[in-house]
file upload-v9.cif (mmCIF, C-alpha atoms)
data_work
loop_
_atom_site.label_atom_id
_atom_site.label_comp_id
_atom_site.auth_asym_id
_atom_site.auth_seq_id
_atom_site.Cartn_x
_atom_site.Cartn_y
_atom_site.Cartn_z
CA MET A 49 80.89 112.93 79.32
CA SER A 50 81.23 110.53 76.41
CA ASP A 51 78.35 108.26 75.36
CA ASN A 52 80.31 105.29 76.62
CA LYS A 53 80.75 106.77 80.12
CA LEU A 54 77.08 107.80 80.26
CA LYS A 55 76.05 104.30 79.31
CA GLN A 56 78.39 102.86 81.94
CA PHE A 57 76.96 105.22 84.60
CA PHE A 58 73.30 104.39 83.96
CA PHE A 59 73.74 100.77 82.90
CA PRO A 60 76.82 99.49 84.76
CA ALA A 61 78.15 96.02 84.12
CA ILE A 62 76.80 93.60 86.74
CA THR A 63 80.09 92.56 88.24
CA GLY A 64 80.82 91.14 91.69
CA SER A 65 82.11 94.47 93.01
CA PHE A 66 79.03 96.28 91.65
CA ILE A 67 76.70 93.86 93.50
CA ILE A 68 78.66 94.32 96.74
CA ARG A 69 78.51 98.13 96.39
CA ALA A 70 74.78 98.02 95.62
CA LEU A 71 74.16 95.79 98.65
CA LEU A 72 76.20 98.08 100.92
CA VAL A 73 74.28 101.17 99.73
CA THR A 74 70.95 99.35 100.25
CA VAL A 75 71.86 98.20 103.77
CA ALA A 76 73.21 101.67 104.66
CA ALA A 77 69.98 103.30 103.40
CA LEU A 78 67.81 100.83 105.32
CA VAL A 79 69.73 101.42 108.55
CA LEU A 80 69.90 105.22 108.07
CA PHE A 81 66.24 105.77 107.18
CA GLY A 82 64.86 102.93 109.30
CA TYR A 83 66.77 103.39 112.56
CA VAL A 84 68.53 106.77 112.55
CA MET A 85 66.57 109.32 110.51
CA THR A 86 62.99 108.16 109.91
CA PRO A 87 61.12 110.22 107.30
CA PHE A 88 57.68 111.47 108.29
CA ARG A 89 54.97 113.77 107.00
CA ILE A 90 52.96 116.02 109.29
CA SER A 91 49.21 115.59 109.19
CA GLY A 92 47.37 118.12 111.33
CA ARG A 93 47.73 121.67 112.58
CA SER A 94 48.53 121.18 116.28
CA MET A 95 52.15 122.37 115.90
CA GLU A 96 51.46 125.36 113.63
CA PRO A 97 53.02 127.74 112.83
CA THR A 98 56.30 125.97 113.73
CA TYR A 99 55.42 122.83 111.74
CA ARG A 100 52.97 123.14 108.87
CA ASP A 101 50.35 120.59 107.91
CA GLY A 102 51.65 118.42 105.06
CA SER A 103 55.34 119.30 105.52
CA PHE A 104 58.00 116.61 105.31
CA HIS A 105 60.69 116.01 107.96
CA PHE A 106 63.07 113.45 109.38
CA CYS A 107 62.84 112.11 112.93
CA PHE A 108 66.32 111.85 114.45
CA ARG A 109 66.03 108.79 116.65
CA LEU A 110 69.40 109.09 118.39
CA GLN A 111 68.52 112.52 119.83
CA TYR A 112 67.69 111.12 123.28
CA PHE A 113 70.06 108.19 123.23
CA PHE A 114 72.43 109.80 125.71
CA SER A 115 70.36 112.68 127.09
CA ALA A 116 66.84 113.32 128.35
CA PRO A 117 64.36 115.67 126.66
CA GLU A 118 64.53 119.28 127.82
CA ARG A 119 61.91 121.98 128.11
CA GLY A 120 61.28 123.54 124.69
CA ASP A 121 62.28 120.43 122.70
CA VAL A 122 59.94 119.23 119.98
CA VAL A 123 59.58 115.45 120.17
CA THR A 124 57.84 112.59 118.38
CA ILE A 125 55.74 110.30 120.59
CA ARG A 126 54.80 106.78 119.56
CA LEU A 127 51.39 105.22 120.08
CA ALA A 128 50.96 101.46 119.51
CA GLY A 129 53.85 101.66 117.04
CA GLU A 130 55.72 104.19 115.00
CA SER A 131 53.68 104.39 111.78
CA VAL A 132 51.56 107.13 113.33
CA MET A 133 53.16 109.36 115.95
CA LEU A 134 52.35 112.59 117.76
CA LEU A 135 54.54 115.68 117.33
CA LYS A 136 54.52 117.88 120.44
CA ARG A 137 56.66 120.33 122.41
CA VAL A 138 57.99 119.48 125.88
CA VAL A 139 56.89 122.22 128.28
CA GLY A 140 57.19 120.48 131.64
CA LEU A 141 59.66 118.05 133.20
CA ALA A 142 59.20 115.56 136.04
CA GLY A 143 58.19 117.36 139.26
CA ASP A 144 57.06 120.55 137.46
CA VAL A 145 53.64 121.96 138.22
CA VAL A 146 51.89 122.78 134.93
CA ALA A 147 48.82 125.00 134.52
CA PHE A 148 47.10 127.18 131.91
CA VAL A 149 45.42 130.46 132.84
CA ASN A 150 43.61 132.31 130.03
CA GLY A 151 45.93 130.68 127.51
CA GLN A 152 49.13 131.52 129.39
CA LEU A 153 51.23 128.52 130.35
CA TYR A 154 52.50 128.51 133.93
CA ILE A 155 55.32 126.25 135.09
CA ASN A 156 55.80 126.12 138.86
CA GLU A 157 53.47 129.13 139.19
CA LYS A 158 55.61 131.28 136.86
CA PRO A 159 54.51 132.26 133.34
CA LEU A 160 56.64 130.55 130.70
CA PRO A 161 57.69 132.75 127.77
CA GLU A 162 56.72 130.93 124.57
CA PRO A 163 57.91 132.75 121.45
CA TYR A 164 56.81 129.77 119.32
CA ARG A 165 53.16 130.20 120.32
CA VAL A 166 51.78 132.77 117.88
CA TYR A 167 48.03 132.15 117.85
CA PRO A 168 45.84 133.38 120.73
CA SER A 169 44.54 130.89 123.28
CA ASP A 170 41.97 130.95 126.08
CA TRP A 171 42.80 127.63 127.73
CA ASN A 172 42.34 127.16 131.46
CA LEU A 173 43.67 124.09 133.21
CA PRO A 174 44.13 123.67 136.97
CA PRO A 175 47.68 122.96 138.20
CA ARG A 176 48.95 119.37 138.02
CA THR A 177 52.34 117.83 138.81
CA VAL A 178 54.35 115.93 136.20
CA LYS A 179 55.07 112.39 137.43
CA PRO A 180 58.62 110.97 137.71
CA GLY A 181 59.73 109.48 134.37
CA TYR A 182 57.24 111.65 132.48
CA VAL A 183 57.31 114.92 130.51
CA TYR A 184 54.44 117.28 129.81
CA VAL A 185 53.88 117.95 126.11
CA VAL A 186 51.59 120.27 124.21
CA GLY A 187 51.25 121.58 120.66
CA ASP A 188 52.22 125.13 119.66
CA ASN A 189 48.80 125.83 118.15
CA ARG A 190 46.45 126.39 121.08
CA SER A 191 43.90 128.43 119.18
CA VAL A 192 41.65 125.38 118.98
CA PRO A 193 39.28 124.42 121.84
CA MET A 194 41.24 122.68 124.59
CA HIS A 195 39.15 119.49 124.49
CA THR A 196 40.02 118.90 120.82
CA HIS A 197 43.79 119.17 121.33
CA GLN A 198 45.83 116.13 122.40
CA PHE A 199 48.24 117.15 125.17
CA GLY A 200 49.36 116.04 128.60
CA GLN A 201 52.05 114.03 130.33
CA THR A 202 53.57 110.99 128.75
CA PRO A 203 56.28 108.51 129.79
CA ILE A 204 59.74 109.41 128.48
CA ASN A 205 60.06 105.93 126.98
CA ARG A 206 57.31 106.81 124.51
CA ILE A 207 59.53 109.50 122.97
CA VAL A 208 61.05 108.18 119.76
CA GLY A 209 63.19 111.16 118.75
CA ALA A 210 63.08 114.72 117.52
CA PRO A 211 62.59 116.32 114.10
CA LEU A 212 65.87 117.23 112.42
CA TRP A 213 64.59 120.68 111.46
CA MET B 21 70.99 54.79 93.54
CA VAL B 22 69.93 58.23 94.82
CA SER B 23 72.21 60.94 93.47
CA THR B 24 73.13 64.10 95.41
CA ARG B 25 71.45 66.16 92.68
CA ASN B 26 68.13 64.41 93.24
CA ILE B 27 68.37 64.96 97.01
CA ILE B 28 69.00 68.69 96.47
CA ILE B 29 66.05 68.92 94.07
CA ALA B 30 63.80 67.09 96.54
CA VAL B 31 64.86 69.39 99.42
CA LEU B 32 64.26 72.46 97.23
CA LEU B 33 60.81 71.20 96.24
CA VAL B 34 59.86 70.56 99.88
CA ALA B 35 61.16 74.03 100.88
CA ALA B 36 59.23 75.65 98.01
CA GLY B 37 56.07 73.76 99.02
CA ALA B 38 56.45 74.81 102.66
CA ALA B 39 57.05 78.44 101.64
CA ALA B 40 54.00 78.40 99.34
CA PHE B 41 51.86 76.92 102.15
CA ILE B 42 53.01 79.59 104.60
CA LEU B 43 52.49 82.39 102.07
CA LEU B 44 49.13 81.22 100.80
CA SER B 45 47.51 80.18 104.09
CA ASP B 46 46.46 82.99 106.42
CA SER B 47 47.88 82.92 109.90
CA GLU B 48 45.57 83.78 112.81
CA GLU B 49 47.42 87.10 113.04
CA ALA B 50 46.63 87.90 109.39
CA ILE B 51 42.99 86.88 109.90
CA ILE B 52 42.70 89.22 112.89
CA LYS B 53 44.23 92.10 110.91
CA LYS B 54 41.73 91.49 108.12
CA ARG B 55 38.91 91.56 110.67
CA PHE B 56 40.02 94.99 111.85
CA GLN B 57 40.32 96.22 108.25
CA ALA B 58 36.77 94.98 107.60
CA LEU B 59 35.62 96.71 110.81
CA GLY B 60 37.19 99.98 109.59
CA ASP B 61 35.55 99.61 106.17
CA THR B 62 32.16 98.94 107.76
CA PHE B 63 32.44 101.95 110.07
CA ALA B 64 33.59 104.26 107.24
CA LYS B 65 31.10 106.65 105.69
CA GLU B 66 31.16 108.19 102.24
CA ALA B 67 29.67 111.59 101.51
CA GLY B 68 26.02 111.31 100.47
CA GLU B 69 25.55 107.87 102.02
CA SER B 70 21.90 106.74 101.93
CA LYS B 71 20.01 106.01 105.15
CA LEU B 72 19.49 102.44 104.00
CA LEU B 73 23.22 101.85 103.60
CA ALA B 74 23.91 103.56 106.94
CA ALA B 75 21.42 101.24 108.67
CA SER B 76 22.87 98.20 106.91
CA LYS B 77 26.44 99.10 107.93
CA ALA B 78 25.39 99.81 111.52
CA GLY B 79 23.70 96.41 111.69
CA LYS B 80 26.77 94.71 110.23
CA MET B 81 28.92 96.14 113.03
CA ARG B 82 27.36 93.55 115.35
CA GLU B 83 29.38 90.81 113.62
CA PHE B 84 32.60 92.23 115.02
CA PHE B 85 31.63 92.10 118.69
CA THR B 86 30.74 89.42 121.22
CA GLU B 87 27.25 89.28 122.78
CA THR B 88 28.44 91.75 125.41
CA SER B 89 31.60 93.81 124.96
CA ARG B 90 33.31 96.03 127.48
CA ILE B 91 34.67 99.50 126.76
CA HIS B 92 37.22 101.17 129.06
CA VAL B 93 38.20 104.82 128.74
CA SER B 94 40.60 105.34 131.63
CA MET B 95 41.08 109.06 130.93
CA TYR B 96 37.41 109.67 131.75
CA ASP B 97 37.22 106.88 134.33
CA PHE B 98 34.58 105.31 132.09
CA SER B 99 33.89 101.60 131.86
CA ARG B 100 30.76 100.11 130.37
CA ASP B 101 29.31 96.88 129.02
CA VAL B 102 27.64 97.25 125.64
CA ALA B 103 25.14 94.66 124.41
CA ARG B 104 25.52 93.56 120.79
CA LYS B 105 21.88 94.46 120.07
CA ASP B 106 22.50 98.07 121.19
CA LEU B 107 25.56 98.56 118.98
CA PRO B 108 23.80 99.68 115.76
CA GLY B 109 22.14 102.56 117.61
CA TYR B 110 25.48 103.78 119.00
CA VAL B 111 27.15 103.39 115.61
CA LEU B 112 24.42 105.34 113.82
CA GLN B 113 24.65 108.05 116.45
CA ALA B 114 28.46 108.29 116.17
CA ARG B 115 28.46 108.39 112.36
CA ALA B 116 25.57 110.89 112.14
CA GLY B 117 27.81 113.76 113.23
CA TYR B 118 30.04 113.38 110.16
CA ALA B 119 29.50 114.02 106.45
CA SER B 120 32.22 111.47 105.69
CA LEU B 121 34.41 109.28 107.84
CA SER B 122 37.30 106.85 107.46
CA VAL B 123 39.05 104.59 109.97
CA ASP B 124 42.56 103.18 109.58
CA PHE B 125 44.22 100.68 111.88
CA THR B 126 48.02 100.49 111.99
CA ASP B 127 50.87 99.15 114.14
CA TYR B 128 49.24 95.90 115.15
CA THR B 129 50.76 93.74 117.86
CA VAL B 130 48.82 90.48 118.00
CA LEU B 131 49.22 88.00 120.80
CA ILE B 132 47.39 84.71 120.37
CA VAL B 133 46.70 83.67 123.96
CA SER B 134 44.88 80.43 123.08
CA ASP B 135 42.88 78.92 120.23
CA THR B 136 39.95 81.17 121.14
CA GLU B 137 41.55 84.17 122.85
CA ALA B 138 43.77 86.94 121.46
CA GLU B 139 45.07 90.34 122.55
CA VAL B 140 45.66 93.10 120.02
CA SER B 141 47.34 96.45 120.43
CA LEU B 142 46.99 98.95 117.59
CA THR B 143 46.66 102.59 116.60
CA ALA B 144 43.32 103.80 115.22
CA THR B 145 43.20 106.92 113.07
CA VAL B 146 39.73 108.36 112.52
CA THR B 147 39.58 111.00 109.80
CA GLY B 148 36.30 112.82 109.33
CA LYS B 149 34.62 115.72 107.62
CA LEU B 150 31.91 117.54 109.55
CA PRO B 151 28.74 118.80 107.82
CA THR B 152 30.25 122.32 108.15
CA GLY B 153 33.18 121.22 105.98
CA GLU B 154 35.67 121.21 108.87
CA ARG B 155 38.06 118.28 108.85
CA THR B 156 38.89 116.31 112.00
CA ARG B 157 41.52 113.71 112.78
CA ASP B 158 41.68 111.64 115.95
CA ILE B 159 44.44 109.23 116.81
CA GLN B 160 43.99 106.67 119.56
CA GLU B 161 45.98 103.71 120.81
CA LEU B 162 43.67 100.78 121.50
CA SER B 163 44.18 97.60 123.43
CA CYS B 164 41.62 94.92 122.51
CA ARG B 165 40.76 91.43 123.72
CA LEU B 166 39.22 89.14 121.16
CA ARG B 167 37.35 85.87 121.41
CA LYS B 168 36.86 83.37 118.61
CA GLU B 169 33.19 82.45 118.28
CA GLU B 170 31.61 80.54 115.40
CA ASP B 171 35.02 80.61 113.72
CA LEU B 172 35.11 84.43 113.77
CA TRP B 173 37.31 86.66 115.90
CA ARG B 174 35.08 89.08 117.80
CA ILE B 175 36.00 91.97 120.07
CA ARG B 176 34.98 91.41 123.68
CA GLU B 177 36.92 94.26 125.29
CA ILE B 178 38.35 97.59 124.10
CA GLU B 179 40.55 99.84 126.18
CA MET B 180 41.47 103.31 124.99
CA VAL B 181 45.09 103.70 126.10
CA GLU B 182 45.89 107.06 127.64
CA VAL B 183 49.08 108.15 125.87
CA LEU B 184 48.81 111.75 127.02
CA GLU B 185 47.43 112.19 130.51
CA ARG B 186 46.20 115.70 131.22
#
call {"tool": "encode", "arguments": {"input": "upload-v9.cif", "output": "structure tokens"}}
result
Amino acid sequence: MSDNKLKQFFFPAITGSFIIRALLVTVAALVLFGYVMTPFRISGRSMEPTYRDGSFHFCFRLQYFFSAPERGDVVTIRLAGESVMLLKRVVGLAGDVVAFVNGQLYINEKPLPEPYRVYPSDWNLPPRTVKPGYVYVVGDNRSVPMHTHQFGQTPINRIVGAPLW
Amino acid sequence: MVSTRNIIIAVLLVAAGAAAFILLSDSEEAIIKKRFQALGDTFAKEAGESKLLAASKAGKMREFFTETSRIHVSMYDFSRDVARKDLPGYVLQARAGYASLSVDFTDYTVLIVSDTEAEVSLTATVTGKLPTGERTRDIQELSCRLRKEEDLWRIREIEMVEVLER
């Protein structure tokens, strides 16, 4: 590339068409990263080993635009807003009976195979039914004491999206 | 005779003055956010904090609450009135379990109900380090009711919102 072309690439002339292109790129980036694929960084170990503490991801917000979350999906859940969200896995759907016995998750009295859960767990939780309009979510890392882990049923309308990878 | 140019300049000056007034004067919403930031700073604890500073900070926490404030924790079916005079004791007790502690408030939704009443919804993130070196992080959605007393917004009710119901 000649010096002239390099200079033109890094220091383009501020013409009308350049300003329009720059504005379009800015608006597209704002829409894409603000409303479609929101970047987020994981802080915490509740989804290990599937999602590592400190790793960087994008939340795809259109994931549940036309469909409802399914069992096994990893979802982001908003609190008062979307600056800080919870990342959890859906294990139970509305009407399901969820229970933990010695770390094993039971859905409708049947053990649920969970290849994503690698660490041992000793959780015990009596059966409870997921309410209509809710899903039951839990982290993959259940090696921590049950009372320190945030899990349970949450309204579907709190689900913002799903991580892209 | 008043020229069009002078009218435009006058309109621009008025607009600039109005914008400067809005930008430079704090809205009630901004004042409430600052109160929560100050609350977080007061509750925070640095490693090696002296007992004198801990006692001073615990005492200062009283400024942020009304004479009696109510705490609801629906997940534990807990509801309790806390007197302002008892707050420092609770604060000292809560902070004692940590070597260091920080509190961040985000995602504010502020509703000014009247000149002296406001409702605030926000997310609180409490990051701590235990004396054993273990790090902890708790996230909680809070719904608060505030009352303006002596020209200061004070918390009169806190509800811990149950986002995940076991």
call {"tool": "resolve_selection", "arguments": {"input": "upload-v9.cif", "expression": "the PyMOL selection byres ((chain A) within 7 of (chain B))", "output": "list in words"}}
result
Leu127, Ala128, Gly129, Ser131, Phe199, Gly200, Gln201 and Thr202 of chain A
call {"tool": "resolve_selection", "arguments": {"input": "upload-v9.cif", "expression": "the PyMOL selection byres ((chain A and resi 189-191) around 6)", "output": "ChimeraX atom specification"}}
result
/A:94-96,167-169,187-188,192
call {"tool": "write_last_selection", "arguments": {"input": "upload-v9.cif", "atoms": "C-alpha atoms", "output": "PDB file, in the coordinates of the input"}}
result
ATOM      1  CA  SER A  94      48.530 121.180 116.280  1.00  0.00           C
ATOM      2  CA  MET A  95      52.150 122.370 115.900  1.00  0.00           C
ATOM      3  CA  GLU A  96      51.460 125.360 113.630  1.00  0.00           C
ATOM      4  CA  TYR A 167      48.030 132.150 117.850  1.00  0.00           C
ATOM      5  CA  PRO A 168      45.840 133.380 120.730  1.00  0.00           C
ATOM      6  CA  SER A 169      44.540 130.890 123.280  1.00  0.00           C
ATOM      7  CA  GLY A 187      51.250 121.580 120.660  1.00  0.00           C
ATOM      8  CA  ASP A 188      52.220 125.130 119.660  1.00  0.00           C
ATOM      9  CA  VAL A 192      41.650 125.380 118.980  1.00  0.00           C
TER      10      VAL A 192
END
call {"tool": "closest_residue", "arguments": {"input": "upload-v9.cif", "among": "B:Cys164, B:Ala114, B:Ala119, B:Met180", "to": "Gly68 (chain B)", "atoms": "all atoms listed in the file"}}
result
B:Ala119
call {"tool": "residues_around", "arguments": {"input": "upload-v9.cif", "residues": "Val93 (chain B)", "least_positions_apart": "5", "cutoff": "7 Å", "atoms": "only C-alpha atoms", "output": "list in words"}}
result
Phe98, Ser99, Glu179 and Met180 of chain B
call {"tool": "resolve_selection", "arguments": {"input": "upload-v9.cif", "expression": "the PyMOL selection byres ((chain B and resi 91) around 7)", "output": "list in words"}}
result
Ser89, Arg90, His92, Val93, Ser99, Arg100, Asp101, Glu177, Ile178 and Glu179 of chain B
call {"tool": "write_last_selection", "arguments": {"input": "upload-v9.cif", "atoms": "C-alpha atoms", "output": "PDB file, in the coordinates of the input"}}
result
ATOM      1  CA  SER B  89      31.600  93.810 124.960  1.00  0.00           C
ATOM      2  CA  ARG B  90      33.310  96.030 127.480  1.00  0.00           C
ATOM      3  CA  HIS B  92      37.220 101.170 129.060  1.00  0.00           C
ATOM      4  CA  VAL B  93      38.200 104.820 128.740  1.00  0.00           C
ATOM      5  CA  SER B  99      33.890 101.600 131.860  1.00  0.00           C
ATOM      6  CA  ARG B 100      30.760 100.110 130.370  1.00  0.00           C
ATOM      7  CA  ASP B 101      29.310  96.880 129.020  1.00  0.00           C
ATOM      8  CA  GLU B 177      36.920  94.260 125.290  1.00  0.00           C
ATOM      9  CA  ILE B 178      38.350  97.590 124.100  1.00  0.00           C
ATOM     10  CA  GLU B 179      40.550  99.840 126.180  1.00  0.00           C
TER      11      GLU B 179
END
call {"tool": "residues_around", "arguments": {"input": "upload-v9.cif", "residues": "region 207-212 of chain A", "least_positions_apart": "4", "cutoff": "7 Å", "atoms": "only C-alpha atoms", "output": "list in words"}}
result
His105, Phe106, Cys107, Phe108, Arg109, Leu110, Gln111, Tyr112, Val122, Val123, Thr124, Ile125 and Arg126 of chain A
call {"tool": "atom_distance", "arguments": {"input": "upload-v9.cif", "atom1": "CA of Arg119 (chain A)", "atom2": "CA of Gly140 (chain A)"}}
result
6.1 Å
call {"tool": "atom_distance", "arguments": {"input": "upload-v9.cif", "atom1": "CA of Leu121 (chain B)", "atom2": "CA of Leu150 (chain B)"}}
result
8.8 Å
